[in-house]
Structures are given as C-alpha cells and as structure tokens.
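> So here's final.tsv (TSV, C-alpha atoms).
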chain	number	residue	atom	x	y	z
F	1	MET	CA	27.57	21.53	-3.11
F	2	ASP	CA	28.32	23.12	-6.51
F	3	ALA	CA	25.88	25.06	-8.69
F	4	SER	CA	24.95	21.99	-10.73
F	5	ASP	CA	24.05	20.00	-7.63
F	6	LEU	CA	22.02	22.94	-6.27
F	7	LEU	CA	20.07	23.21	-9.52
F	8	ARG	CA	19.45	19.47	-9.51
F	9	ASN	CA	18.02	19.54	-5.99
F	10	SER	CA	15.83	22.53	-6.84
F	11	LEU	CA	14.40	20.77	-9.89
F	12	LEU	CA	13.64	17.67	-7.86
F	13	GLN	CA	11.70	19.84	-5.41
F	14	LEU	CA	9.80	21.46	-8.29
F	15	SER	CA	8.82	18.02	-9.61
F	16	LYS	CA	6.38	17.85	-6.68
F	17	SER	CA	4.95	21.36	-7.11
F	18	SER	CA	1.39	21.50	-8.45
F	19	THR	CA	1.69	25.29	-8.86
F	20	VAL	CA	4.69	25.03	-11.18
F	21	ARG	CA	3.05	22.18	-13.05
F	22	GLN	CA	0.00	24.33	-13.78
F	23	ALA	CA	2.23	27.17	-14.99
F	24	VAL	CA	4.12	24.84	-17.33
F	25	GLU	CA	0.92	23.29	-18.68
F	26	LYS	CA	-0.63	26.71	-19.38
F	27	ALA	CA	2.43	28.22	-21.09
F	28	PRO	CA	1.48	28.53	-24.78
F	29	VAL	CA	4.44	26.62	-26.20
F	30	SER	CA	5.37	24.39	-23.31
F	31	ARG	CA	3.71	21.30	-24.76
F	32	GLY	CA	5.71	21.73	-27.94
F	33	VAL	CA	8.89	21.86	-25.89
F	34	VAL	CA	7.79	18.89	-23.79
F	35	ARG	CA	7.27	16.88	-26.97
F	36	ARG	CA	11.02	16.79	-27.47
F	37	PHE	CA	11.19	14.55	-24.38
F	38	VAL	CA	7.71	12.94	-24.41
F	39	PRO	CA	6.37	12.04	-27.89
F	40	GLY	CA	2.72	12.12	-26.83
F	41	GLU	CA	0.00	10.84	-24.55
F	42	ARG	CA	-1.39	8.00	-26.70
F	43	THR	CA	-0.18	4.48	-27.39
F	44	GLN	CA	0.12	5.26	-31.10
F	45	ASP	CA	2.46	8.16	-30.27
F	46	ALA	CA	4.85	5.81	-28.47
F	47	VAL	CA	4.69	3.19	-31.22
F	48	ALA	CA	5.36	5.82	-33.88
F	49	ALA	CA	8.41	7.03	-31.92
F	50	ALA	CA	9.70	3.45	-31.69
F	51	ALA	CA	9.24	3.01	-35.44
F	52	GLU	CA	11.27	6.16	-36.12
F	53	LEU	CA	14.07	4.83	-33.92
F	54	ARG	CA	14.11	1.51	-35.74
F	55	ALA	CA	14.74	3.35	-39.00
F	56	THR	CA	18.11	4.43	-37.57
F	57	ASN	CA	18.95	1.05	-36.00
F	58	ARG	CA	18.01	2.12	-32.48
F	59	LEU	CA	16.07	-0.06	-30.05
F	60	ALA	CA	13.36	1.18	-27.68
F	61	THR	CA	12.05	0.66	-24.17
F	62	ILE	CA	8.68	2.32	-23.54
F	63	ASP	CA	7.30	3.63	-20.25
F	64	TYR	CA	3.65	4.51	-19.71
F	65	LEU	CA	4.08	7.39	-17.31
F	66	GLY	CA	2.65	7.21	-13.80
F	67	GLU	CA	3.70	6.29	-10.28
F	68	ASP	CA	2.67	6.31	-6.63
F	69	THR	CA	-0.81	5.01	-7.49
F	70	THR	CA	-3.11	4.59	-4.49
F	71	ASP	CA	-6.24	3.77	-6.49
F	72	LEU	CA	-6.88	0.21	-7.65
F	73	THR	CA	-8.82	1.35	-10.69
F	74	GLN	CA	-5.85	3.43	-11.85
F	75	ALA	CA	-3.44	0.52	-11.27
F	76	ILE	CA	-5.64	-1.71	-13.42
F	77	ARG	CA	-5.83	1.00	-16.07
F	78	THR	CA	-2.02	1.21	-16.14
F	79	ARG	CA	-1.77	-2.57	-16.56
F	80	ASP	CA	-4.26	-2.42	-19.42
F	81	HIS	CA	-2.29	0.38	-21.11
F	82	TYR	CA	0.78	-1.88	-21.13
F	83	LEU	CA	-1.20	-4.81	-22.53
F	84	GLU	CA	-2.51	-2.52	-25.28
F	85	LEU	CA	0.99	-1.20	-25.93
F	86	LEU	CA	2.51	-4.66	-26.28
F	87	LYS	CA	-0.24	-5.68	-28.69
F	88	ALA	CA	0.37	-2.54	-30.74
F	89	LEU	CA	4.13	-3.15	-30.84
F	90	ALA	CA	3.58	-6.71	-32.06
F	91	GLU	CA	1.13	-5.55	-34.75
F	92	ALA	CA	3.69	-2.96	-35.92
F	93	ASP	CA	6.42	-5.64	-36.05
F	94	LEU	CA	8.39	-3.77	-33.39
F	95	SER	CA	8.50	-6.35	-30.60
F	96	GLN	CA	10.45	-9.34	-31.88
F	97	HIS	CA	13.87	-10.06	-30.36
F	98	GLY	CA	13.46	-7.29	-27.78
F	99	MET	CA	13.50	-4.58	-30.45
F	100	GLY	CA	10.83	-2.66	-28.55
F	101	GLU	CA	10.43	-3.62	-24.90
F	102	VAL	CA	8.60	-1.96	-22.00
F	103	SER	CA	9.66	-0.49	-18.66
F	104	LEU	CA	7.40	-0.75	-15.61
F	105	LYS	CA	7.11	1.12	-12.32
F	106	LEU	CA	5.62	-1.13	-9.67
F	107	SER	CA	4.17	1.85	-7.81
F	108	ALA	CA	2.10	2.62	-10.93
F	109	LEU	CA	0.79	-0.95	-10.85
F	110	GLY	CA	-0.45	-0.80	-7.26
F	111	GLN	CA	2.58	-1.25	-5.01
F	112	TYR	CA	1.36	1.52	-2.68
F	113	LEU	CA	-2.16	0.18	-2.31
F	114	PRO	CA	-3.00	-0.60	1.33
F	115	GLY	CA	-2.86	-4.21	2.42
F	116	ASP	CA	-1.92	-6.33	-0.59
F	117	GLY	CA	-0.23	-3.63	-2.67
F	118	ASP	CA	2.97	-5.58	-3.33
F	119	LYS	CA	0.99	-8.67	-4.31
F	120	ILE	CA	-1.33	-6.72	-6.62
F	121	ALA	CA	1.56	-4.93	-8.35
F	122	LEU	CA	3.43	-8.21	-8.79
F	123	GLU	CA	0.40	-9.88	-10.34
F	124	HIS	CA	-0.10	-6.97	-12.73
F	125	ALA	CA	3.60	-7.11	-13.66
F	126	ARG	CA	3.30	-10.85	-14.21
F	127	GLU	CA	0.44	-10.33	-16.66
F	128	ILE	CA	2.48	-7.74	-18.54
F	129	CYS	CA	5.49	-10.07	-18.64
F	130	GLN	CA	3.34	-12.84	-20.11
F	131	ALA	CA	2.06	-10.45	-22.76
F	132	ALA	CA	5.65	-9.42	-23.51
F	133	ALA	CA	6.70	-13.06	-23.83
F	134	ASN	CA	3.82	-13.67	-26.25
F	135	ALA	CA	4.96	-10.66	-28.29
F	136	GLY	CA	8.58	-11.85	-28.36
F	137	THR	CA	10.01	-9.05	-26.26
F	138	THR	CA	11.14	-8.22	-22.72
F	139	VAL	CA	10.32	-6.11	-19.65
F	140	THR	CA	12.50	-4.01	-17.35
F	141	LEU	CA	11.42	-3.09	-13.81
F	142	ASP	CA	12.17	0.57	-13.23
F	143	MET	CA	13.63	1.51	-9.85
F	144	GLU	CA	12.04	4.31	-7.86
F	145	ASP	CA	12.97	6.00	-4.59
F	146	HIS	CA	15.04	4.10	-2.00
F	147	THR	CA	12.03	3.11	0.13
F	148	THR	CA	10.92	0.69	-2.60
F	149	THR	CA	14.29	-0.83	-3.52
F	150	ASP	CA	14.02	-4.01	-1.46
F	151	ALA	CA	10.40	-4.64	-2.50
F	152	THR	CA	11.26	-4.08	-6.16
F	153	LEU	CA	14.22	-6.47	-6.03
F	154	GLU	CA	12.02	-9.08	-4.33
F	155	SER	CA	9.43	-8.72	-7.09
F	156	LEU	CA	12.26	-9.07	-9.61
F	157	ARG	CA	13.29	-12.38	-8.04
F	158	GLU	CA	9.70	-13.59	-8.19
F	159	LEU	CA	9.22	-12.62	-11.82
F	160	ARG	CA	12.54	-14.08	-12.93
F	161	GLN	CA	11.41	-17.53	-11.82
F	162	ASP	CA	9.06	-17.59	-14.81
F	163	PHE	CA	10.59	-14.82	-16.93
F	164	PRO	CA	14.38	-14.92	-16.42
F	165	TRP	CA	14.88	-12.09	-18.92
F	166	VAL	CA	13.15	-9.43	-16.80
F	167	GLY	CA	15.56	-6.52	-16.46
F	168	ALA	CA	16.61	-4.83	-13.23
F	169	VAL	CA	17.58	-1.20	-12.65
F	170	ILE	CA	20.32	-0.08	-10.27
F	171	GLN	CA	20.86	3.58	-9.38
F	172	SER	CA	24.46	4.56	-8.71
F	173	TYR	CA	23.58	7.38	-6.33
F	174	LEU	CA	22.48	4.86	-3.70
F	175	ARG	CA	25.26	3.75	-1.37
F	176	ARG	CA	24.10	0.14	-1.54
F	177	SER	CA	24.28	-0.13	-5.34
F	178	GLU	CA	27.72	-1.70	-5.77
F	179	ALA	CA	26.65	-4.60	-3.54
F	180	ASP	CA	23.37	-4.91	-5.47
F	181	CYS	CA	25.33	-5.07	-8.73
F	182	ARG	CA	27.41	-7.92	-7.37
F	183	ASP	CA	24.24	-9.79	-6.45
F	184	LEU	CA	22.78	-9.26	-9.93
F	185	ALA	CA	25.87	-9.84	-12.10
F	186	TYR	CA	25.07	-13.42	-13.06
F	187	GLU	CA	24.45	-15.26	-16.32
F	188	GLY	CA	21.42	-13.96	-18.21
F	189	SER	CA	20.79	-11.08	-15.80
F	190	ARG	CA	19.88	-7.85	-17.57
F	191	VAL	CA	20.83	-4.82	-15.45
F	192	ARG	CA	20.28	-1.19	-16.39
F	193	LEU	CA	22.71	1.08	-14.55
F	194	CYS	CA	21.63	4.71	-14.22
F	195	LYS	CA	22.56	7.55	-11.88
F	196	GLY	CA	19.16	8.01	-10.21
F	197	ALA	CA	16.58	10.77	-10.35
F	198	TYR	CA	14.88	11.09	-6.96
F	199	LYS	CA	15.70	13.37	-4.05
F	200	GLU	CA	17.21	11.05	-1.42
F	201	PRO	CA	18.67	11.63	2.07
F	202	GLU	CA	22.43	11.62	2.55
F	203	SER	CA	22.14	8.56	4.80
F	204	VAL	CA	21.28	6.37	1.79
F	205	ALA	CA	22.53	8.31	-1.25
F	206	TYR	CA	25.58	10.20	-2.43
F	207	GLN	CA	24.78	13.91	-2.74
F	208	SER	CA	27.45	15.27	-5.09
F	209	SER	CA	27.68	14.53	-8.79
F	210	THR	CA	31.32	13.50	-8.37
F	211	GLU	CA	30.45	10.85	-5.81
F	212	VAL	CA	27.58	9.58	-7.95
F	213	ASP	CA	29.87	9.30	-10.99
F	214	ARG	CA	32.52	7.42	-9.02
F	215	SER	CA	29.89	5.00	-7.77
F	216	TYR	CA	28.65	4.57	-11.35
F	217	VAL	CA	32.12	3.52	-12.50
F	218	ARG	CA	32.52	1.07	-9.60
F	219	CYS	CA	29.15	-0.48	-10.42
F	220	LEU	CA	29.99	-0.56	-14.13
F	221	LYS	CA	33.22	-2.45	-13.43
F	222	VAL	CA	31.26	-5.11	-11.54
F	223	LEU	CA	28.69	-5.52	-14.30
F	224	MET	CA	31.14	-5.52	-17.21
F	225	SER	CA	33.37	-8.10	-15.54
F	226	GLY	CA	30.46	-10.45	-14.83
F	227	PRO	CA	28.53	-12.83	-17.13
F	228	GLY	CA	25.32	-10.79	-17.16
F	229	TYR	CA	24.02	-8.25	-19.68
F	230	PRO	CA	24.86	-4.65	-18.66
F	231	MET	CA	22.67	-1.80	-19.93
F	232	VAL	CA	24.64	1.43	-19.69
F	233	ALA	CA	22.09	4.20	-19.14
F	234	SER	CA	23.99	7.48	-19.30
F	235	HIS	CA	24.34	10.58	-21.46
F	236	ASP	CA	27.66	11.52	-19.87
F	237	PRO	CA	30.37	11.26	-22.57
F	238	ARG	CA	32.97	10.27	-19.97
F	239	LEU	CA	30.89	7.39	-18.65
F	240	VAL	CA	29.98	6.23	-22.15
F	241	GLU	CA	33.69	6.19	-23.02
F	242	ILE	CA	34.56	4.32	-19.82
F	243	ALA	CA	31.85	1.75	-20.57
F	244	GLY	CA	33.31	1.14	-24.02
F	245	ALA	CA	36.81	0.77	-22.60
F	246	LEU	CA	35.62	-1.73	-19.98
F	247	ALA	CA	33.72	-3.71	-22.61
F	248	ALA	CA	36.85	-3.88	-24.75
F	249	HIS	CA	39.00	-4.84	-21.75
F	250	HIS	CA	36.69	-7.77	-20.98
F	251	GLU	CA	36.48	-8.66	-24.68
F	252	ARG	CA	32.72	-8.30	-24.79
F	253	GLU	CA	30.95	-8.76	-28.10
F	254	ALA	CA	28.63	-5.93	-29.17
F	255	ASP	CA	25.53	-8.04	-28.50
F	256	THR	CA	26.45	-8.74	-24.85
F	257	TYR	CA	25.71	-5.24	-23.56
F	258	GLU	CA	23.96	-2.08	-24.67
F	259	TYR	CA	23.85	1.67	-24.23
F	260	GLN	CA	20.65	3.45	-23.22
F	261	MET	CA	19.67	7.11	-23.48
F	262	LEU	CA	16.46	9.07	-23.03
F	263	TYR	CA	14.18	10.08	-25.86
F	264	GLY	CA	15.11	13.56	-27.05
F	265	ILE	CA	18.51	13.72	-25.36
F	266	ARG	CA	21.68	13.60	-27.49
F	267	PRO	CA	19.91	12.00	-30.49
F	268	GLU	CA	22.92	12.46	-32.77
F	269	GLU	CA	25.14	10.65	-30.27
F	270	GLN	CA	22.54	7.88	-30.10
F	271	LYS	CA	22.75	7.48	-33.88
F	272	ARG	CA	26.55	7.55	-33.80
F	273	ILE	CA	26.68	4.74	-31.24
F	274	ALA	CA	24.20	2.67	-33.27
F	275	ASP	CA	26.07	3.35	-36.51
F	276	ARG	CA	29.34	2.04	-35.11
F	277	GLY	CA	27.67	-1.34	-34.44
F	278	ASN	CA	26.79	-1.06	-30.75
F	279	GLN	CA	23.32	-1.65	-29.40
F	280	MET	CA	21.62	1.63	-28.56
F	281	ARG	CA	18.25	1.60	-26.78
F	282	VAL	CA	16.15	4.73	-26.26
F	283	TYR	CA	13.81	5.17	-23.29
F	284	ILE	CA	10.47	6.47	-24.60
F	285	PRO	CA	8.00	7.85	-22.05
F	286	TYR	CA	4.39	8.61	-22.96
F	287	GLY	CA	1.10	9.40	-21.27
F	288	GLU	CA	-0.64	12.23	-19.47
F	289	GLN	CA	1.53	12.20	-16.34
F	290	TRP	CA	4.57	13.76	-17.99
F	291	TYR	CA	5.33	16.61	-15.57
F	292	GLY	CA	7.15	14.71	-12.79
F	293	TYR	CA	9.09	12.74	-15.39
F	294	LEU	CA	10.16	15.90	-17.21
F	295	MET	CA	11.39	17.66	-14.07
F	296	ARG	CA	13.46	14.64	-12.99
F	297	ARG	CA	15.00	14.44	-16.46
F	298	LEU	CA	15.99	18.09	-16.24
F	299	ALA	CA	17.47	17.39	-12.81
F	300	GLU	CA	19.53	14.50	-14.19
F	301	ARG	CA	21.01	16.75	-16.86
F	302	PRO	CA	20.63	20.41	-15.79
F	303	ALA	CA	21.94	21.63	-19.15
F	304	ASN	CA	18.54	20.61	-20.56
F	305	THR	CA	16.96	23.28	-18.38
F	306	VAL	CA	18.31	26.01	-20.68
F	307	PHE	CA	16.60	24.42	-23.68
F	308	PHE	CA	13.32	24.08	-21.82
F	309	LEU	CA	13.29	27.62	-20.40
F	310	ARG	CA	14.06	29.10	-23.80
F	311	GLY	CA	11.04	27.29	-25.16
F	312	LEU	CA	8.80	28.59	-22.40
F	313	VAL	CA	9.63	32.23	-23.10
F	314	SER	CA	9.66	31.94	-26.88
F	315	LYS	CA	6.92	33.87	-28.69
F	316	LYS	CA	6.96	31.63	-31.73
Could you show the structure in this file as structure tokens?


Amino acid sequence: MDASDLLRNSLLQLSKSSTVRQAVEKAPVSRGVVRRFVPGERTQDAVAAAAELRATNRLATIDYLGEDTTDLTQAIRTRDHYLELLKALAEADLSQHGMGEVSLKLSALGQYLPGDGDKIALEHAREICQAAANAGTTVTLDMEDHTTTDATLESLRELRQDFPWVGAVIQSYLRRSEADCRDLAYEGSRVRLCKGAYKEPESVAYQSSTEVDRSYVRCLKVLMSGPGYPMVASHDPRLVEIAGALAAHHEREADTYEYQMLYGIRPEEQKRIADRGNQMRVYIPYGEQWYGYLMRRLAERPANTVFFLRGLVSKK
C-alpha cells in the first residue's frame, strides 16, 4: 500500500469520527473552506449553484446530503426536500431536458428502516421520479457501500419500468463492477461510472489505486462500446483522456455520453470540457450532513486534503 492509499484509508476512517467532525465544525474558518465543496445547507443554495454552472454551459446533478437513515420521519423529510428541490429547479428554469437533475441515496430515503425499509425507500424514490418527470428532468440512484449494491440495482430495475431514464451508478473499486456494467450497457441505460468512496473489505473491492484505475478502464470500455449512455465521473486526467479516446474510437456523438465532476474540484477543467462541446455535469451536494461527504471526497482525491488543512489553520 503506497502513501496515497494509506491516506485514503485514514480519511475514510475519519469520516465516521464524531470527535473529528466536532473539531472541524468548530474551527473558525472551516465552514468557509467547506463551502468550496458544499455550496450551502438550503435548497436555494443548491439552485443558485446550478444557475452559476448553467452560465458556463455546465449541467448539474444535485444531492441532498444524508444516508443510513433509521428514522421514518427523517426519510420522509428527505423525500420532501427532493420534492421541494425539483419544484425550485423548475421555477428557476433549470430542470428542462435534464439540465439540472437530482441524485438519490436509497439509505437516506429509508432503505435501512426495519421491516419494509426497501419498500419504503423505493416508494419515496418513485415519488421523486414522478416529480422529476413532471419537471422535465431525470434522477440518478447513487450507489453506497457494497452491502446495498444488490438492493439498489433491484430498485433501479423497478423504477426503470415506469421511468426508463433513471440513472445507475457503478463503482470501479468493486470486483463485480465489470459484470454489472455488461448487464447495464443497453439502449437508453444511463450509467455513471465512478471509482467509489467507501471503505470496503478486500474480498469485495480492490484496495490499491492502480487496481481501481485498471478496473475503471475495463468498465469504461464496456460502457463506451455499448448502446447506453455512459457518464464518466472522474477528475483523473488520464481517465478523462482515455474516455475521450474510447468515445472517438466508437464514433460517439457528444450528446451520447457525458463527463461528471464534483462541485469545487477542477472547475477550470470542467469549463474547458464544456467549452470544447462535450457535456459536463457537476455533482452539487447540499444540506446539513456535509461532514461524511466531505471526508469521502478528500479520500477520493487526497491532494484536496492539503487545500482543506491549509484553510483550517489559516488565521484569515
């Protein structure tokens, strides 16, 4: 394991630490630093961020932060936040043609509730999908840790019966992902390919960054050669370049795939990709539960840790 992999694993452990979270929240400038990655806690903050992206020809997918909900009231509240968000996007003229879509975590919608958790989360997701359809946009089901992969893919199949445009997410660090890509690489299937951001056992996931990258390329080859709609979620210049080469090799038009990057990460590269005529979508997170998200983002790209730590010790 190299230094980068060690740092990644350490950050993933810290994402679960309430002590570190309290220290970050109390640091005088930490919220200003966090705002680079999370535009705010309110719906209007997310909508404003999406509007700024549109001004530079970038698309958006918006995530109301939260996961692992074990309280029905909270799951309902999360659903209602998404319904409010979709209404706000439509009112701001940001939802038509998938310009601003939303990303959902089923665990935030009740998947972990005892008894009928899967059913409750699916019903909440269905209501959000209907609201998205009414607003003229789409939904992507975020993938979480490996214990929920099968349940999430089953919910995807259920939702696609009525909403065939619902997007899937595949994480290249899982050993099963190439096979999942083959199953999902069909006409009309929207698939976001990312590396993955949870701490997983070696039995189910590749542990080194090199292995994860190689898996990413194998998965990308499957998706780019199929008739579906690949969504290339990566900030890695090498993988972005490989994606472009594969798209050219398969003679894909610019509107048959897209690139995706996180809010606040490589914004100039995002603009460059959009300016050259490719579709560039930015993942915008918002809400009060930003800590776990932030730590996983730092783990995905440890170089961001330097920026964050500098902000924490700054006296300005």

> Using Å and a single decimal, report how far atom CA of F:Tyr283 sits from atom CA of F:Thr138.

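If I compute the distance from atom CA of F:Thr138 to atom CA of F:Tyr283, I get 13.7 Å.
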
> In Å, with one decimal, what is the gap from atom CA of F:Leu141 to atom CA of F:Asp118?

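Going from atom CA of F:Leu141 over to atom CA of F:Asp118 covers 13.7 Å.
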
> So that I can check the surroundings of F:Val212, please list as a PyMOL selection string every protein, DNA and RNA residue that reaches within 6 Å of it, counting all atoms listed in the file and ignoring chain neighbours fewer than 4 positions away.

chain F and resi 172-173+206

> Near F:Asp142, within 9 Å and counting all atoms listed in the file, which residues show up once chain neighbours fewer than 3 positions away are dropped, as an MDAnalysis selection string?

chainID F and resid 103:106 152 167:170 192

> Using only C-alpha atoms, which residue out of F:Ala248, F:Met143, F:Ile273, F:Ala75 lies closest to F:Leu174?

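Under the stated criterion, the closest residue is F:Met143.
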
> Expressed in Å to a single decimal, how great is the separation between atom CA of F:Leu184 and atom CA of F:Asn278?

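Rounded to one decimal, the two atoms are 22.7 Å apart.
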